[in-house]
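Novice: Supplied in structure tokens, the structure appears directly below.
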Amino acid sequence: MNNTMIYMKDIIKFYNTGTVKVKALKGIDLDIKGGEFVSIVGPSGSGKSTLMNIAGCLDVPTGGEYILDGESVENLEPNELAEIRNKKVGFVFQNFNLLSYATAFENVELPLVFANIPAKKRRERAAELLDRVGLGDRMDHRPNELSGGEMQRVAIARSLANKPRLILADEPTGNLDSKSGGGIIDLFEELWNAGSTILMITHDQTIAKRTNRVVKLKDGLIVSSLENGNGNH
Amino acid sequence: MNLMFIKQILRDMRGQKLRTVLTLFGIFWGTAAVILLGAFGYGIHMNQQKAFKGLGEDIVIVWGGTTSKSYEGLPRGRRIMQRVEDVELLKKQIPEIKYISPEYTEWNKPVVYEDKRIVAPIVGVWPEFGPMRNVIALMGGRFINQNDIDDRRRVCFLGNELKEQIFGEEKDAVGEMIRISGVPFRVIGVLKEKQQDSSYNSRDSRKIVIPSTTFVAIYGQKYVDNVVWKAESPEVHKIANQKYFEIMGKRHKFDPTDKQALMIWDTTENTEFFTYFFWGFRIFLYIISIATLIVGGIGVANIMYVVVEERTREIGIKMALGAKSGFVLRQFLFETMFLTSFGGIMGFLFSSSIVYLFPRLNFDEYVGVPEISAFVSIGTIVALLIIAILAGYFPARRAATMDPVKALKI
Ligand SMILES: Nc1ncnc2c1ncn2[C@@H]1O[C@H](COP(=O)(O)OP(=O)(O)OP(=O)(O)O)[C@@H](O)[C@H]1O
Ligand SMILES: [Mg+2]
């Protein structure tokens, strides 16, 4: 589990918005090993989400080198990036991003559909995942029939569908009260203990303390990267 | 997954009720227009062709004329009249002619049956006049034959409307005796009803036909009023016509290239003109209806752009989960196809029922019987398919090429 999951060297990301050029990332060097649970903190606008999107191949950097799980993702076609997102990455968003017209079950099934998994296997896997996040009895519920914490559990189950190498969570507890937020972090901790690599953005210091490393961003640069000393490996 | 697709589409349609209805109506109306215009265009065309057959197909009618060129020292402006001997000679000397008959005409002659007195046009012809002009007898009767001509029999053939006027609808006229210009005639046949839109004297349904020899014996004409002939085949039609002028030119001393010496009505030229005219007419209808369909297609494209806009976030989510652009493209194309086929099927059903019910209104005498031909059906399906693909492709491509990060931020 000591292979490098994320290797970033001098990653920059600029946005051209009409007249001004926004420098969202100004040169990020980051090294995350397999099995780590890393939290990313920093003030609003410091580039956390931008970094996470690049890490998950949802966005491409303006410059720099990025190797994900031993594979360089430079110069890939949009469809190749889609394949990486489907197979290697699981996203969890602050606002859940579930399809509102689909049931919990159908939402979890979605990444399996894009991976062309046959229907029978797909159903088994979706049911198993919903069981695992404690929603085995809520499969046919639509998002508007679920609480925030339950929606985020569905989103986590969905992120795990294709057994990704990397889980990326952008403020997963941001829209939740502290109790259900705590439950979500418990779930991430469980996944971590089972061997997952997790990168999580958070504003909450107590949550950050539960991870094994805290990376702090400011103005598009990493200002510190501190081990919490609770690494369980 | 297809079930999810369809759920999604129905949800979109419910969410956008008015726009969906308008769009479906556009496609529905376009489809109905294509099919109805095609079906009625076909019906009218066929009706016209049938009406031509009423006069006789590819026949030529020749009247006497006035020379417009001087010939062998003779001045122009001479009157040329045709005699029955000319017709006999033409028949013998032009093998390309299949049928030929002189036609004598008297306009209003008294016709008497018991206490009924009317006036009617009388024509004197040869037996060949019948098949050439589609003058066919109803069951139980016959047309003029060669014996009638040879023996100058006093027999007559009645137009169907005239027969009804004299004998009424019920009574059988064949075998009855009537007086024409005071001379007793036996009725040998009645015209089988036919459609005739054009004529050069009066409608066949309103006249009495008698043998040419009998006609001359009674009315004493020296010249025929006109000659009717038909070529063996369309290929030899021009040659036959040329020979006609050459033989007549020699006998009556006029230049065979003098078009005024004999007046002719060549219905093959008409048929040709009408064939072009009707094809033009039908193509015009097709263009109009295709344009209607295209307007419907623009409506569909428009609604699909709105749908894509509204579902930007959903597209972003799917892309984040690893949907390839082809998947997104297919999803929206499929949705457009669904909308279009729905409208198209409604249009098909509507227009088929109109075409099915229309003949009951009894307008077929004027516009014929509409028919949905395979050509029109297949053409409409192909047009709908092309429109659906075009109307779906551009919005779908916009969806498929979205930047997922931006799509998720909406
Ligand atoms: N599409 C874009 N176009 C222009 N500028 C952008 C775009 N996306 C992000 N930015 C800018 O890049 C910078 C970093 O944004 P980012 O979303 O990564 O911040 P963040 O650290 O996630 O903030 P927050 O904690 O509020 O979510 C910000 O200044 C933002 O305005
Ligand atoms: Mg952010």
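In the structure tokens, the first chain shown is A, the next is B, and so on; residue numbers restart at 1 for each chain, and ligands run from 1 in the order shown.
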Which residues in region 160-212 of chain B does DSSP call helix (DSSP H, G or I)? List them as number ranges by chain.
Specialist: B: 160-167, 204-206, 212
Novice: Hey, can you spit out that residue selection with all heavy atoms as a short mmCIF file (atom, residue, chain, number, x, y, z; two decimals), in the first residue's frame?
Specialist:
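The resulting file, out18.cif, is reproduced below:
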data_model
loop_
_atom_site.label_atom_id
_atom_site.label_comp_id
_atom_site.auth_asym_id
_atom_site.auth_seq_id
_atom_site.Cartn_x
_atom_site.Cartn_y
_atom_site.Cartn_z
N ASN B 160 -75.40 7.81 -72.33
CA ASN B 160 -76.15 7.34 -71.16
C ASN B 160 -77.07 8.39 -70.57
O ASN B 160 -78.17 8.10 -70.12
CB ASN B 160 -75.21 6.77 -70.10
CG ASN B 160 -74.10 7.71 -69.74
OD1 ASN B 160 -73.44 8.26 -70.63
ND2 ASN B 160 -73.87 7.91 -68.46
N GLU B 161 -76.66 9.66 -70.58
CA GLU B 161 -77.52 10.71 -70.02
C GLU B 161 -78.73 10.94 -70.91
O GLU B 161 -79.85 11.15 -70.43
CB GLU B 161 -76.74 12.03 -69.88
CG GLU B 161 -75.81 12.03 -68.70
CD GLU B 161 -75.07 13.36 -68.57
OE1 GLU B 161 -75.71 14.42 -68.76
OE2 GLU B 161 -73.86 13.33 -68.31
N LEU B 162 -78.49 10.87 -72.21
CA LEU B 162 -79.57 11.05 -73.17
C LEU B 162 -80.59 9.93 -73.04
O LEU B 162 -81.80 10.15 -73.09
CB LEU B 162 -78.98 11.07 -74.58
CG LEU B 162 -79.84 11.77 -75.63
CD1 LEU B 162 -79.84 13.26 -75.37
CD2 LEU B 162 -79.32 11.46 -77.01
N LYS B 163 -80.09 8.72 -72.87
CA LYS B 163 -80.98 7.56 -72.70
C LYS B 163 -81.89 7.76 -71.50
O LYS B 163 -83.10 7.51 -71.56
CB LYS B 163 -80.13 6.29 -72.53
CG LYS B 163 -80.93 5.02 -72.34
CD LYS B 163 -80.93 4.58 -70.90
CE LYS B 163 -82.06 3.63 -70.60
NZ LYS B 163 -82.19 3.35 -69.17
N GLU B 164 -81.30 8.26 -70.39
CA GLU B 164 -82.11 8.49 -69.18
C GLU B 164 -83.16 9.55 -69.43
O GLU B 164 -84.29 9.43 -68.98
CB GLU B 164 -81.21 8.95 -68.03
CG GLU B 164 -80.80 7.81 -67.14
CD GLU B 164 -79.90 8.27 -66.00
OE1 GLU B 164 -80.19 9.33 -65.42
OE2 GLU B 164 -78.92 7.56 -65.72
N GLN B 165 -82.76 10.57 -70.21
CA GLN B 165 -83.68 11.66 -70.51
C GLN B 165 -84.88 11.15 -71.32
O GLN B 165 -86.01 11.57 -71.11
CB GLN B 165 -82.92 12.73 -71.29
CG GLN B 165 -83.52 14.10 -71.17
CD GLN B 165 -82.73 15.10 -72.02
OE1 GLN B 165 -81.60 14.85 -72.43
NE2 GLN B 165 -83.36 16.23 -72.30
N ILE B 166 -84.60 10.22 -72.24
CA ILE B 166 -85.68 9.74 -73.11
C ILE B 166 -86.46 8.61 -72.45
O ILE B 166 -87.69 8.61 -72.43
CB ILE B 166 -85.10 9.25 -74.46
CG1 ILE B 166 -84.35 10.39 -75.17
CG2 ILE B 166 -86.22 8.72 -75.37
CD1 ILE B 166 -83.58 9.95 -76.40
N PHE B 167 -85.73 7.63 -71.91
CA PHE B 167 -86.39 6.41 -71.44
C PHE B 167 -86.52 6.33 -69.92
O PHE B 167 -87.18 5.45 -69.39
CB PHE B 167 -85.61 5.18 -71.92
CG PHE B 167 -85.62 5.02 -73.41
CD1 PHE B 167 -84.57 5.48 -74.19
CD2 PHE B 167 -86.70 4.40 -74.05
CE1 PHE B 167 -84.58 5.33 -75.56
CE2 PHE B 167 -86.71 4.27 -75.43
CZ PHE B 167 -85.65 4.73 -76.19
N ASP B 204 -69.87 12.63 -74.92
CA ASP B 204 -70.39 11.38 -75.47
C ASP B 204 -71.67 10.93 -74.76
O ASP B 204 -72.51 10.25 -75.34
CB ASP B 204 -69.33 10.27 -75.35
CG ASP B 204 -68.12 10.58 -76.23
OD1 ASP B 204 -68.29 11.38 -77.19
OD2 ASP B 204 -67.04 10.04 -75.96
N SER B 205 -71.81 11.35 -73.50
CA SER B 205 -72.98 10.92 -72.74
C SER B 205 -74.26 11.61 -73.22
O SER B 205 -75.35 11.21 -72.88
CB SER B 205 -72.77 11.23 -71.26
OG SER B 205 -72.56 12.61 -71.11
N ARG B 206 -74.09 12.69 -74.02
CA ARG B 206 -75.25 13.48 -74.42
C ARG B 206 -75.55 13.39 -75.91
O ARG B 206 -76.34 14.17 -76.44
CB ARG B 206 -75.04 14.96 -74.05
CG ARG B 206 -74.84 15.19 -72.54
CD ARG B 206 -75.46 16.49 -72.12
NE ARG B 206 -76.75 16.68 -72.76
CZ ARG B 206 -77.90 16.20 -72.26
NH1 ARG B 206 -77.90 15.55 -71.13
NH2 ARG B 206 -79.02 16.40 -72.91
N SER B 212 -71.90 6.08 -90.29
CA SER B 212 -71.56 7.22 -91.15
C SER B 212 -72.34 7.19 -92.45
O SER B 212 -72.80 8.23 -92.95
CB SER B 212 -70.06 7.21 -91.44
OG SER B 212 -69.72 6.02 -92.13
#
Novice: Taking only C-alpha atoms and all ligand atoms into account, which residues have an atom no farther than 10 Å from ligand 1? I'd like them as a ChimeraX atom specification.
Specialist: /A:13-18,20-25,40-53,94,170-171,201-203,217-220 /B:403,405-406,409
Novice: Taking only C-alpha atoms into account, what are the residues of chain A at most 6 Å from chain B, put as number ranges by chain?
Specialist: A: 79, 82-83, 85-86, 111, 114
Novice: Mind writing the picked residues with all heavy atoms as a compact mmCIF listing (two decimals), in the first residue's frame?
Specialist:
# COMPACT_ATOMS: atom_id res chain seq x y z
N ASN A 79 -12.85 11.35 -23.60
CA ASN A 79 -13.42 10.03 -23.33
C ASN A 79 -12.49 9.16 -22.49
O ASN A 79 -12.95 8.34 -21.70
CB ASN A 79 -13.77 9.31 -24.63
CG ASN A 79 -15.14 9.74 -25.16
OD1 ASN A 79 -15.92 10.35 -24.42
ND2 ASN A 79 -15.41 9.43 -26.40
N ALA A 82 -12.96 10.35 -19.02
CA ALA A 82 -14.23 9.83 -18.51
C ALA A 82 -14.04 8.41 -18.01
O ALA A 82 -14.56 8.02 -16.97
CB ALA A 82 -15.30 9.87 -19.60
N GLU A 83 -13.26 7.64 -18.73
CA GLU A 83 -12.99 6.26 -18.34
C GLU A 83 -12.25 6.19 -17.01
O GLU A 83 -12.57 5.37 -16.15
CB GLU A 83 -12.17 5.60 -19.46
CG GLU A 83 -11.85 4.15 -19.19
CD GLU A 83 -12.41 3.23 -20.25
OE1 GLU A 83 -12.80 3.74 -21.32
OE2 GLU A 83 -12.46 2.02 -20.00
N ARG A 85 -12.32 8.53 -14.65
CA ARG A 85 -13.28 8.93 -13.60
C ARG A 85 -14.20 7.78 -13.23
O ARG A 85 -14.55 7.57 -12.08
CB ARG A 85 -14.14 10.11 -14.09
CG ARG A 85 -13.39 11.40 -14.26
CD ARG A 85 -14.36 12.57 -14.35
NE ARG A 85 -15.19 12.55 -15.54
CZ ARG A 85 -14.86 13.09 -16.70
NH1 ARG A 85 -13.67 13.67 -16.86
NH2 ARG A 85 -15.68 13.04 -17.72
N ASN A 86 -14.58 7.03 -14.25
CA ASN A 86 -15.50 5.92 -14.03
C ASN A 86 -14.87 4.78 -13.24
O ASN A 86 -15.48 4.23 -12.34
CB ASN A 86 -16.01 5.44 -15.39
CG ASN A 86 -17.07 4.35 -15.26
OD1 ASN A 86 -16.92 3.26 -15.78
ND2 ASN A 86 -18.12 4.66 -14.52
N PRO A 111 -22.84 4.57 -12.26
CA PRO A 111 -21.46 4.35 -12.71
C PRO A 111 -21.25 2.95 -13.28
O PRO A 111 -20.41 2.75 -14.14
CB PRO A 111 -20.63 4.52 -11.42
CG PRO A 111 -21.52 5.23 -10.47
CD PRO A 111 -22.93 4.86 -10.83
N PHE A 114 -22.32 3.03 -16.88
CA PHE A 114 -21.29 3.63 -17.75
C PHE A 114 -20.12 2.67 -17.93
O PHE A 114 -19.37 2.77 -18.89
CB PHE A 114 -20.81 4.96 -17.16
CG PHE A 114 -21.92 5.96 -17.00
CD1 PHE A 114 -21.94 6.83 -15.92
CD2 PHE A 114 -22.95 6.03 -17.93
CE1 PHE A 114 -22.97 7.75 -15.77
CE2 PHE A 114 -23.97 6.94 -17.79
CZ PHE A 114 -23.99 7.80 -16.70
Novice: Residues within 10 Å of region 138-149 of chain A, please, as a PDB file with N, CA and C atoms, in the first residue's frame. Count only C-alpha atoms; anything in the same chain fewer than 6 positions from it doesn't count.
Specialist:
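Saved to selection_28.pdb:
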ATOM      1  N   ASN A  95     -23.035  19.059  -2.256  1.00  0.00           N
ATOM      2  CA  ASN A  95     -24.495  19.086  -2.493  1.00  0.00           C
ATOM      3  C   ASN A  95     -25.007  17.766  -3.069  1.00  0.00           C
ATOM      4  N   PHE A  96     -24.314  16.696  -2.792  1.00  0.00           N
ATOM      5  CA  PHE A  96     -24.712  15.305  -3.104  1.00  0.00           C
ATOM      6  C   PHE A  96     -24.714  14.973  -4.597  1.00  0.00           C
ATOM      7  N   ASN A  97     -25.291  15.888  -5.430  1.00  0.00           N
ATOM      8  CA  ASN A  97     -25.339  15.647  -6.872  1.00  0.00           C
ATOM      9  C   ASN A  97     -25.947  14.294  -7.234  1.00  0.00           C
ATOM     10  N   LEU A  98     -27.105  14.026  -6.632  1.00  0.00           N
ATOM     11  CA  LEU A  98     -27.850  12.818  -7.040  1.00  0.00           C
ATOM     12  C   LEU A  98     -28.829  13.224  -8.139  1.00  0.00           C
ATOM     13  N   LEU A  99     -29.196  12.251  -8.977  1.00  0.00           N
ATOM     14  CA  LEU A  99     -30.230  12.528  -9.981  1.00  0.00           C
ATOM     15  C   LEU A  99     -31.581  12.499  -9.264  1.00  0.00           C
ATOM     16  N   SER A 100     -32.303  13.611  -9.356  1.00  0.00           N
ATOM     17  CA  SER A 100     -33.494  13.756  -8.519  1.00  0.00           C
ATOM     18  C   SER A 100     -34.628  12.830  -8.956  1.00  0.00           C
ATOM     19  N   TYR A 101     -34.661  12.478 -10.252  1.00  0.00           N
ATOM     20  CA  TYR A 101     -35.770  11.653 -10.739  1.00  0.00           C
ATOM     21  C   TYR A 101     -35.497  10.158 -10.557  1.00  0.00           C
ATOM     22  N   ALA A 102     -34.273   9.823 -10.131  1.00  0.00           N
ATOM     23  CA  ALA A 102     -33.919   8.408 -10.020  1.00  0.00           C
ATOM     24  C   ALA A 102     -33.933   7.986  -8.551  1.00  0.00           C
ATOM     25  N   THR A 103     -34.201   6.706  -8.316  1.00  0.00           N
ATOM     26  CA  THR A 103     -34.195   6.197  -6.945  1.00  0.00           C
ATOM     27  C   THR A 103     -32.759   6.060  -6.456  1.00  0.00           C
ATOM     28  N   ALA A 104     -32.614   5.826  -5.151  1.00  0.00           N
ATOM     29  CA  ALA A 104     -31.299   5.600  -4.561  1.00  0.00           C
ATOM     30  C   ALA A 104     -30.583   4.480  -5.316  1.00  0.00           C
ATOM     31  N   PHE A 105     -31.352   3.440  -5.571  1.00  0.00           N
ATOM     32  CA  PHE A 105     -30.800   2.279  -6.268  1.00  0.00           C
ATOM     33  C   PHE A 105     -30.287   2.659  -7.661  1.00  0.00           C
ATOM     34  N   GLU A 106     -31.124   3.391  -8.401  1.00  0.00           N
ATOM     35  CA  GLU A 106     -30.736   3.781  -9.765  1.00  0.00           C
ATOM     36  C   GLU A 106     -29.530   4.718  -9.770  1.00  0.00           C
ATOM     37  N   ASN A 107     -29.458   5.586  -8.749  1.00  0.00           N
ATOM     38  CA  ASN A 107     -28.304   6.478  -8.645  1.00  0.00           C
ATOM     39  C   ASN A 107     -27.018   5.691  -8.445  1.00  0.00           C
ATOM     40  N   VAL A 108     -27.078   4.673  -7.600  1.00  0.00           N
ATOM     41  CA  VAL A 108     -25.881   3.876  -7.339  1.00  0.00           C
ATOM     42  C   VAL A 108     -25.513   3.040  -8.566  1.00  0.00           C
ATOM     43  N   ALA A 126     -25.231  -2.844  -6.619  1.00  0.00           N
ATOM     44  CA  ALA A 126     -25.895  -1.649  -6.084  1.00  0.00           C
ATOM     45  C   ALA A 126     -26.551  -1.970  -4.748  1.00  0.00           C
ATOM     46  N   ALA A 127     -27.186  -3.141  -4.668  1.00  0.00           N
ATOM     47  CA  ALA A 127     -27.865  -3.526  -3.431  1.00  0.00           C
ATOM     48  C   ALA A 127     -26.841  -3.712  -2.310  1.00  0.00           C
ATOM     49  N   LEU A 130     -25.606  -0.273  -1.084  1.00  0.00           N
ATOM     50  CA  LEU A 130     -26.583   0.446  -0.259  1.00  0.00           C
ATOM     51  C   LEU A 130     -26.697  -0.205   1.119  1.00  0.00           C
ATOM     52  N   ASP A 131     -26.572  -1.515   1.157  1.00  0.00           N
ATOM     53  CA  ASP A 131     -26.538  -2.233   2.434  1.00  0.00           C
ATOM     54  C   ASP A 131     -25.374  -1.741   3.277  1.00  0.00           C
ATOM     55  N   ALA A 155     -24.682   8.915  -2.098  1.00  0.00           N
ATOM     56  CA  ALA A 155     -23.605   9.431  -2.944  1.00  0.00           C
ATOM     57  C   ALA A 155     -22.312   8.661  -2.686  1.00  0.00           C
ATOM     58  N   PRO A 172     -17.850  17.049   2.130  1.00  0.00           N
ATOM     59  CA  PRO A 172     -18.988  16.123   2.151  1.00  0.00           C
ATOM     60  C   PRO A 172     -19.949  16.376   3.303  1.00  0.00           C
ATOM     61  N   THR A 173     -19.497  17.091   4.337  1.00  0.00           N
ATOM     62  CA  THR A 173     -20.386  17.345   5.479  1.00  0.00           C
ATOM     63  C   THR A 173     -20.863  18.790   5.492  1.00  0.00           C
ATOM     64  N   ASN A 175     -23.121  20.432   4.007  1.00  0.00           N
ATOM     65  CA  ASN A 175     -24.559  20.707   4.035  1.00  0.00           C
ATOM     66  C   ASN A 175     -25.289  19.904   5.118  1.00  0.00           C
ATOM     67  N   LEU A 176     -24.531  19.336   6.040  1.00  0.00           N
ATOM     68  CA  LEU A 176     -25.157  18.438   7.025  1.00  0.00           C
ATOM     69  C   LEU A 176     -24.993  18.989   8.435  1.00  0.00           C
ATOM     70  N   ASP A 177     -25.921  18.624   9.330  1.00  0.00           N
ATOM     71  CA  ASP A 177     -25.742  18.980  10.739  1.00  0.00           C
ATOM     72  C   ASP A 177     -24.622  18.116  11.309  1.00  0.00           C
ATOM     73  N   LYS A 179     -24.377  15.958  13.636  1.00  0.00           N
ATOM     74  CA  LYS A 179     -24.625  14.557  13.943  1.00  0.00           C
ATOM     75  C   LYS A 179     -24.530  13.696  12.680  1.00  0.00           C
ATOM     76  N   SER A 180     -25.287  14.064  11.635  1.00  0.00           N
ATOM     77  CA  SER A 180     -25.216  13.243  10.417  1.00  0.00           C
ATOM     78  C   SER A 180     -23.866  13.413   9.735  1.00  0.00           C
ATOM     79  N   GLY A 181     -23.261  14.619   9.898  1.00  0.00           N
ATOM     80  CA  GLY A 181     -21.909  14.823   9.362  1.00  0.00           C
ATOM     81  C   GLY A 181     -20.941  13.850  10.012  1.00  0.00           C
ATOM     82  N   GLY A 182     -21.074  13.696  11.330  1.00  0.00           N
ATOM     83  CA  GLY A 182     -20.207  12.762  12.038  1.00  0.00           C
ATOM     84  C   GLY A 182     -20.365  11.351  11.516  1.00  0.00           C
ATOM     85  N   GLY A 183     -21.592  10.971  11.248  1.00  0.00           N
ATOM     86  CA  GLY A 183     -21.847   9.632  10.709  1.00  0.00           C
ATOM     87  C   GLY A 183     -21.157   9.431   9.371  1.00  0.00           C
ATOM     88  N   ILE A 184     -21.151  10.494   8.539  1.00  0.00           N
ATOM     89  CA  ILE A 184     -20.498  10.396   7.230  1.00  0.00           C
ATOM     90  C   ILE A 184     -18.996  10.190   7.409  1.00  0.00           C
TER      91      ILE A 184
END
Novice: Given the choices A:Ala169, A:Leu112, A:Cys57, A:Leu226, which gets closest to ligand 2 if the distance is worked out from only C-alpha atoms and all ligand atoms?
Specialist: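 Among the listed residues, A:Ala169 lies closest to ligand 2.
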Novice: Tell me, which residues of region 178-258 of chain B carry DSSP strand (DSSP E), written as a CSV table (one decimal) with C-alpha atoms, in the first residue's frame?
Specialist:
chain,number,residue,atom,x,y,z
B,178,ILE,CA,-86.9,6.3,-81.9
B,179,ARG,CA,-87.3,8.9,-84.6
B,180,ILE,CA,-84.3,11.1,-85.5
B,183,VAL,CA,-86.5,8.8,-89.6
B,184,PRO,CA,-87.1,5.7,-87.5
B,185,PHE,CA,-84.0,4.2,-85.8
B,186,ARG,CA,-83.6,1.2,-83.6
B,187,VAL,CA,-81.5,1.6,-80.5
B,188,ILE,CA,-78.6,-1.0,-80.5
B,189,GLY,CA,-76.7,0.1,-77.4
B,190,VAL,CA,-76.2,2.6,-74.6
B,208,ILE,CA,-76.5,9.9,-80.5
B,209,VAL,CA,-74.1,7.9,-82.7
B,210,ILE,CA,-75.2,6.4,-86.0
B,211,PRO,CA,-73.4,4.7,-88.9
B,226,ASN,CA,-63.5,15.9,-88.7
B,227,VAL,CA,-61.4,12.7,-88.7
B,228,VAL,CA,-60.3,10.9,-85.5
B,229,TRP,CA,-57.3,8.6,-85.6
B,230,LYS,CA,-54.9,6.8,-83.4
B,231,ALA,CA,-51.4,5.5,-84.1
